[in-house]
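Peer 1: Sharing protein38.txt here; it has compact mmCIF, C-alpha atoms.
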# COMPACT_ATOMS: atom_id res chain seq x y z
CA MET A 6 -19.85 6.94 -18.99
CA ASN A 7 -16.31 7.51 -17.72
CA SER A 8 -13.73 4.87 -18.48
CA ILE A 9 -10.08 4.09 -17.78
CA THR A 10 -8.42 4.07 -21.18
CA SER A 11 -4.81 3.40 -20.18
CA PHE A 12 -2.73 2.79 -17.09
CA CYS A 13 0.78 2.24 -15.78
CA ARG A 14 1.69 0.39 -12.59
CA ILE A 15 5.16 0.48 -11.04
CA ARG A 16 5.79 -1.55 -7.91
CA ASN A 17 8.44 -3.90 -6.53
CA ASN A 18 10.83 -3.24 -9.43
CA ARG A 19 8.08 -4.27 -11.82
CA PHE A 20 6.61 -2.05 -14.51
CA THR A 21 3.21 -2.91 -16.00
CA THR A 22 1.01 -1.37 -18.67
CA GLU A 23 -1.75 -2.88 -20.82
CA GLN A 24 0.86 -3.92 -23.42
CA LEU A 25 4.06 -4.27 -21.43
CA VAL A 26 5.48 -5.95 -18.34
CA ILE A 27 9.08 -5.22 -17.40
CA GLU A 28 10.88 -6.71 -14.43
CA HIS A 29 13.85 -4.53 -13.62
CA PRO A 30 15.69 -5.64 -10.49
CA ALA A 31 17.95 -2.87 -9.24
CA ALA A 32 20.36 -2.42 -6.36
CA SER A 33 19.13 1.10 -5.57
CA LYS A 34 16.15 3.31 -6.33
CA ASP A 35 18.40 5.57 -8.38
CA GLU A 36 19.50 2.61 -10.46
CA PHE A 37 15.89 1.48 -10.87
CA SER A 38 14.51 4.78 -12.17
CA ILE A 39 17.46 5.46 -14.47
CA GLY A 40 17.48 1.87 -15.72
CA LEU A 41 13.78 2.05 -16.50
CA TYR A 42 14.21 5.41 -18.23
CA GLU A 43 16.98 4.04 -20.43
CA ARG A 44 15.20 0.78 -21.13
CA LEU A 45 12.09 2.63 -22.28
CA GLN A 46 14.33 4.86 -24.42
CA LEU A 47 12.80 8.04 -23.06
CA ASN A 48 14.45 11.36 -23.77
CA TYR A 49 13.86 14.21 -21.34
CA PRO A 50 17.09 15.78 -20.03
CA LYS A 51 15.32 17.21 -16.98
CA PHE A 52 14.70 13.64 -15.82
CA TYR A 53 18.11 13.36 -14.16
CA LYS A 54 17.50 16.44 -12.02
CA MET A 55 14.24 15.14 -10.58
CA ASP A 56 13.81 13.33 -7.28
CA GLN A 57 12.70 9.68 -7.33
CA GLN A 58 9.00 10.46 -6.94
CA CYS A 59 9.04 12.82 -9.90
CA ARG A 60 11.14 10.46 -11.99
CA LEU A 61 8.74 7.57 -11.56
CA GLY A 62 5.67 9.80 -11.95
CA TYR A 63 7.19 11.19 -15.14
CA ILE A 64 7.98 7.72 -16.54
CA ALA A 65 4.45 6.48 -15.80
CA SER A 66 2.91 9.59 -17.38
CA GLU A 67 4.95 9.06 -20.56
CA LEU A 68 3.48 5.61 -21.01
CA VAL A 69 -0.09 6.46 -20.02
CA LEU A 70 -0.22 9.50 -22.30
CA LYS A 71 1.58 7.95 -25.25
CA GLY A 72 -0.40 8.91 -28.35
CA VAL A 73 -2.81 11.12 -26.38
CA ASP A 74 -3.27 14.66 -27.72
CA VAL A 75 -3.50 16.53 -24.41
CA SER A 76 -3.72 19.90 -26.17
CA ALA A 77 -6.98 18.88 -27.84
CA TYR A 78 -8.64 18.96 -24.40
CA ALA A 79 -7.27 22.41 -23.50
CA ASP A 80 -8.51 23.28 -20.00
CA SER A 81 -10.60 20.11 -19.86
CA PHE A 82 -7.59 17.91 -19.18
CA SER A 83 -6.98 17.65 -15.44
CA LEU A 84 -4.58 15.92 -13.07
CA VAL A 85 -5.43 14.33 -9.72
CA LEU A 86 -2.72 12.61 -7.71
CA SER A 87 -2.43 11.20 -4.22
CA ASN A 88 -0.01 9.45 -1.91
CA ALA A 89 0.62 8.62 1.74
CA ASP A 90 4.11 9.94 2.41
CA GLY A 91 4.00 13.34 0.75
CA SER A 92 7.57 14.31 -0.16
CA LEU A 93 9.12 12.66 2.92
CA ASP A 94 11.69 10.74 0.87
CA THR A 95 13.22 14.00 -0.39
CA ASP A 96 12.51 15.87 2.87
CA LEU A 97 14.82 13.43 4.67
CA ARG A 98 17.57 13.78 2.07
CA PHE A 99 17.28 17.56 2.30
CA GLN A 100 17.48 17.41 6.09
CA GLN A 101 20.72 15.45 5.78
CA SER A 102 22.13 17.93 3.25
CA ILE A 103 21.60 20.86 5.62
CA SER A 104 24.51 19.67 7.77
CA SER A 105 26.86 20.90 5.02
CA VAL A 106 25.35 23.32 2.51
CA ALA A 107 21.65 23.01 1.71
CA SER A 108 21.11 22.04 -1.90
CA PRO A 109 18.69 24.40 -3.72
CA SER A 110 17.91 21.77 -6.35
CA LEU A 111 16.98 19.30 -3.61
CA PHE A 112 14.92 21.88 -1.73
CA VAL A 113 12.57 22.49 -4.66
CA TYR A 114 11.44 18.86 -4.46
CA THR A 115 10.39 19.08 -0.81
CA LEU A 116 6.75 19.46 -1.81
CA PRO A 117 4.48 16.49 -2.60
CA SER A 118 2.86 18.35 -5.49
CA MET A 119 6.16 18.72 -7.38
CA VAL A 120 5.44 15.49 -9.22
CA ALA A 121 2.15 17.01 -10.40
CA GLY A 122 4.02 20.11 -11.55
CA GLU A 123 6.63 18.12 -13.44
CA ILE A 124 3.96 16.08 -15.23
CA CYS A 125 1.96 19.23 -16.09
CA ILE A 126 5.07 20.93 -17.50
CA ARG A 127 6.07 17.90 -19.53
CA HIS A 128 2.65 17.30 -21.06
CA LYS A 129 1.42 20.90 -21.05
CA ILE A 130 -1.59 20.05 -18.90
CA LYS A 131 -3.52 23.25 -18.29
CA GLY A 132 -6.65 22.07 -16.49
CA GLU A 133 -7.37 21.74 -12.79
CA ASN A 134 -4.96 19.74 -10.67
CA ALA A 135 -5.12 18.43 -7.14
CA PHE A 136 -2.93 16.40 -4.81
CA PHE A 137 -4.33 14.46 -1.85
CA VAL A 138 -2.35 12.93 1.00
CA THR A 139 -4.23 9.96 2.48
CA PRO A 140 -3.11 7.12 4.77
CA SER A 141 -3.45 4.55 1.98
CA PHE A 142 -4.65 4.21 -1.62
CA ASN A 143 -8.20 5.54 -1.60
CA ALA A 144 -10.05 4.47 -4.74
CA GLU A 145 -13.33 5.99 -3.55
CA LEU A 146 -11.85 9.47 -3.09
CA LEU A 147 -10.13 9.40 -6.47
CA ILE A 148 -13.21 8.15 -8.32
CA GLU A 149 -15.53 10.73 -6.77
CA TYR A 150 -13.15 13.61 -7.41
CA VAL A 151 -12.30 12.59 -10.97
CA ASP A 152 -15.96 11.96 -11.83
CA SER A 153 -16.81 15.47 -10.63
CA LEU A 154 -14.12 16.91 -12.92
CA LEU A 155 -15.35 14.93 -15.90
CA ALA A 156 -18.99 15.93 -15.47
CA GLY A 157 -20.50 18.40 -17.87
CA PRO A 158 -20.77 18.75 -21.63
CA GLY A 159 -17.84 18.25 -24.00
CA ASP A 160 -14.79 16.01 -23.94
CA HIS A 161 -12.94 15.74 -20.63
CA ALA A 162 -9.96 13.68 -19.53
CA CYS A 163 -8.05 13.28 -16.29
CA LEU A 164 -4.69 11.72 -15.50
CA ALA A 165 -5.07 10.33 -12.00
CA GLY A 166 -3.48 8.00 -9.52
CA TRP A 167 -1.11 7.24 -6.70
CA VAL A 168 2.59 8.21 -6.63
CA ASN A 169 4.32 7.17 -3.42
CA VAL A 170 8.08 6.80 -2.92
CA LEU A 171 9.81 6.31 0.41
CA ASP A 172 13.25 4.82 0.95
CA ALA A 173 13.56 1.76 -1.27
CA GLN A 174 9.80 1.43 -1.74
CA HIS A 175 8.00 2.76 -4.79
CA ASP A 176 4.29 2.38 -5.40
CA ILE A 177 2.94 4.06 -8.53
CA LEU A 178 -0.38 3.74 -10.33
CA LEU A 179 -1.24 6.29 -13.00
CA TYR A 180 -4.26 5.98 -15.26
CA LEU A 181 -6.16 8.03 -17.78
CA VAL A 182 -9.90 8.54 -17.38
CA GLU A 183 -11.96 9.86 -20.27
CA ASN A 184 -15.67 10.60 -20.48
CA ARG A 185 -16.11 8.29 -23.44
CA ARG A 186 -16.06 4.56 -24.04
CA VAL A 187 -13.08 3.16 -25.97
CA ASN A 188 -12.75 -0.44 -27.14
CA GLY A 189 -10.99 -2.46 -24.46
CA SER A 190 -11.24 0.25 -21.82
CA ARG A 191 -12.23 -0.44 -18.22
CA ALA A 192 -15.13 1.05 -16.33
CA HIS A 193 -14.11 3.84 -13.96
CA ASN A 194 -15.31 2.24 -10.74
CA MET A 195 -14.01 0.91 -7.40
CA ASN A 196 -13.75 -2.66 -8.56
CA GLU A 197 -11.64 -1.91 -11.65
CA LEU A 198 -9.47 0.65 -9.91
CA ASN A 199 -8.70 -1.64 -6.99
CA LYS A 200 -7.88 -4.39 -9.47
CA LEU A 201 -5.37 -2.14 -11.20
CA TYR A 202 -3.86 -1.09 -7.88
CA GLY A 203 -3.57 -4.74 -6.84
CA GLN A 204 -1.38 -5.58 -9.86
CA MET B 98 46.01 27.09 -11.35
CA LYS B 99 45.99 27.70 -15.10
CA ILE B 100 42.66 28.79 -16.49
CA GLU B 101 42.50 25.72 -18.80
CA SER B 102 42.77 23.35 -15.82
CA LEU B 103 40.27 25.38 -13.84
CA MET B 104 37.77 25.29 -16.71
CA ALA B 105 38.20 21.51 -17.06
CA ASP B 106 37.52 21.08 -13.33
CA LEU B 107 34.52 23.38 -13.51
CA LYS B 108 32.96 21.39 -16.35
CA LYS B 109 33.17 18.16 -14.34
CA GLN B 110 31.84 19.88 -11.22
CA ILE B 111 28.91 21.45 -13.11
CA VAL B 112 27.87 18.10 -14.60
CA GLU B 113 28.06 16.45 -11.19
CA ALA B 114 26.38 19.22 -9.18
CA LEU B 115 23.54 19.72 -11.64
CA ASN B 116 23.01 16.03 -12.41
CA LEU B 117 23.60 16.54 -16.12
CA ARG B 118 24.25 12.87 -16.77
CA HIS B 119 23.36 13.16 -20.41
CA ILE B 120 26.24 15.61 -20.98
CA ASN B 121 29.92 14.76 -21.24
CA PRO B 122 31.97 17.47 -19.47
CA ASP B 123 34.37 17.58 -22.41
CA ASP B 124 31.49 18.49 -24.73
CA ILE B 125 30.84 21.75 -22.88
CA GLY B 126 32.50 24.59 -24.78
CA ASP B 127 34.69 27.06 -22.87
CA ASP B 128 32.57 29.94 -24.17
CA GLN B 129 29.27 28.10 -24.56
CA ALA B 130 26.31 29.86 -22.96
CA LEU B 131 25.25 28.07 -19.78
CA PHE B 132 21.66 29.29 -19.70
CA VAL B 133 18.70 29.26 -22.09
CA ASP B 134 19.95 28.31 -25.58
CA GLY B 135 23.29 26.99 -24.39
CA LEU B 136 23.28 24.23 -21.79
CA GLY B 137 19.69 25.14 -20.96
CA LEU B 138 20.22 25.70 -17.24
CA ASP B 139 17.48 27.35 -15.17
CA SER B 140 17.18 29.58 -12.10
CA ILE B 141 17.52 26.68 -9.64
CA ASP B 142 20.71 25.64 -11.42
CA ALA B 143 21.99 29.19 -10.91
CA LEU B 144 21.56 28.77 -7.14
CA GLU B 145 23.39 25.45 -7.34
CA LEU B 146 26.26 27.13 -9.20
CA ILE B 147 26.53 29.75 -6.44
CA VAL B 148 26.83 26.92 -3.89
CA LEU B 149 29.43 25.21 -6.12
CA LEU B 150 31.58 28.36 -6.23
CA GLN B 151 31.43 28.67 -2.45
CA GLN B 152 32.06 25.01 -1.66
CA LYS B 153 34.63 24.04 -4.27
CA HIS B 154 36.37 27.34 -4.95
CA ASN B 155 35.90 29.37 -1.80
CA THR B 156 34.45 32.15 -3.89
CA LYS B 157 31.43 34.24 -2.97
CA ILE B 158 29.43 36.49 -5.25
CA ALA B 159 29.35 39.87 -3.57
CA ASN B 160 26.76 41.42 -5.84
CA ALA B 161 23.85 39.28 -7.04
CA GLN B 162 23.43 41.56 -10.06
CA ASP B 163 26.78 40.32 -11.36
CA GLY B 164 25.36 36.78 -11.63
CA PRO B 165 24.44 36.87 -15.34
CA LYS B 166 27.95 38.07 -16.25
CA ILE B 167 29.73 35.55 -14.00
CA PHE B 168 27.62 32.59 -15.13
CA LYS B 169 27.65 33.44 -18.81
CA SER B 170 30.07 30.59 -19.60
CA VAL B 171 32.62 28.29 -18.01
CA ARG B 172 35.34 30.77 -18.98
CA THR B 173 33.62 33.71 -17.23
CA MET B 174 33.17 31.56 -14.12
CA ALA B 175 36.84 30.60 -14.16
CA GLU B 176 37.93 34.21 -14.63
CA TYR B 177 35.76 35.28 -11.70
CA ILE B 178 37.21 32.53 -9.48
CA GLN B 179 40.78 33.53 -10.38
CA ALA B 180 40.05 37.16 -9.59
CA ASN B 181 38.04 36.65 -6.39
CA ALA B 182 38.87 33.37 -4.61
CA SER B 183 39.64 33.88 -0.90
CA ARG B 184 43.16 32.93 -0.03
How would this structure read if it were set down as structure tokens?

Peer 2:
Amino acid sequence: MNSITSFCRIRNNRFTTEQLVIEHPAASKDEFSIGLYERLQLNYPKFYKMDQQCRLGYIASELVLKGVDVSAYADSFSLVLSNADGSLDTDLRFQQSISSVASPSLFVYTLPSMVAGEICIRHKIKGENAFFVTPSFNAELLIEYVDSLLAGPGDHACLAGWVNVLDAQHDILLYLVENRRVNGSRAHNMNELNKLYGQ
Amino acid sequence: MKIESLMADLKKQIVEALNLRHINPDDIGDDQALFVDGLGLDSIDALELIVLLQQKHNTKIANAQDGPKIFKSVRTMAEYIQANASR
């Protein structure tokens, strides 16, 4: 029986986990991500170099995986992410930068899967990872794909969710699915996942 | 420009260009290694430093193999700029 054992939701300048709700009004998306990073007292120097999508994906992953020993799962810990706008937010900034001198550090973030890479590097995730671009949050797709990864003998876990940033809008839901029942965990099904996304 | 002033400018420009907000420019040593064990810069940062030299100091690196020597520290960067900046 697969279950959702932790989650993090970031939307409309609001940050929500099972234990924590933070409202963090900010004048700009830069101010929001940096403010959240400082408020949560995180410490990862590479954070400042990331684009907004990676910053918020990184912050959410820190909270979801707090206390989780990813290395214990070895190759059985996977990552499945999705969004609607790919890396368009950074693509547009890069397009603007080309008029002077193209920024190499901006260019590397013109791929939607960079957020997956940053999370894998940070948490040393070595299992399968996938990134889907869909018109809107698709709970059915995520559940089917994650369930297929968690099938089979032994302990499996998957960090999954939705990481979408465009202009001033950010819409993040990251959650951990494990193939075991934990006290207080939620069932890994459409109803529960849509409830989390609706928060 | 004196090399001390040039190094002070470079430190500010490096922090700004590489988004090193957690580092105070004045805390970067003149001879501190920029890569790996020093400031911990990576290969993408190296590209950004090349752009910085071109944009802010009108200096191009003619031979890519010289990169590790030029970007060893703020002092080596400043020395390269003084020796090679286009006038």

Peer 1: Near A:Tyr49, counting only C-alpha atoms, which residues have an atom at most 12 Å away, once you skip same-chain residues fewer than 4 positions from it, shown as a VMD selection string?

Peer 2: (chain A and resid 39 42 to 43 45 53 to 55 60 63 to 64 67 123 to 124 126 to 128) or (chain B and resid 117 to 119)

Peer 1: Find the residues around A:Val182 up to 9 Å (all atoms listed in the file counted), leave out those fewer than 3 positions away in its own chain, and share them as a PyMOL selection string.

Peer 2: chain A and resi 7-11+151-152+155+161-165+185+193

Peer 1: How many Å lie between atom CA of A:Glu36 and atom CA of B:Asp142, rounded to one decimal?

Peer 2: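 Separation between atom CA of A:Glu36 and atom CA of B:Asp142: 23.1 Å.
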
Peer 1: Select all residues from chain A having any atom no more than 12 Å from an atom of chain B (counting only C-alpha atoms, ignoring ligands), output as a list of chain:residue names.

Peer 2: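 In the required form, that comes to A:Ile39, A:Glu43, A:Asn48, A:Tyr49, A:Pro50, A:Lys51, A:Phe52, A:Tyr53, A:Lys54, A:Met55, A:Asp56, A:Ser105, A:Val106, A:Ala107, A:Ser108, A:Pro109, A:Ser110, A:Leu111, A:Phe112, A:Val113, A:Tyr114.
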
Peer 1: Which one is closest to B:Asn181: B:Phe168, B:Leu107, B:Ile158, B:Pro122? Count only C-alpha atoms.

Peer 2: B:Ile158

Peer 1: Atom CA of A:Val75 and atom CA of A:Thr21, how far apart in Å?

Peer 2: 22.2 Å

Peer 1: Measure the distance from atom CA of A:Leu178 to atom CA of A:Gln100 in Å and round it to one decimal.

Peer 2: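 Atom CA of A:Gln100 lies at a distance of 27.8 Å from atom CA of A:Leu178.
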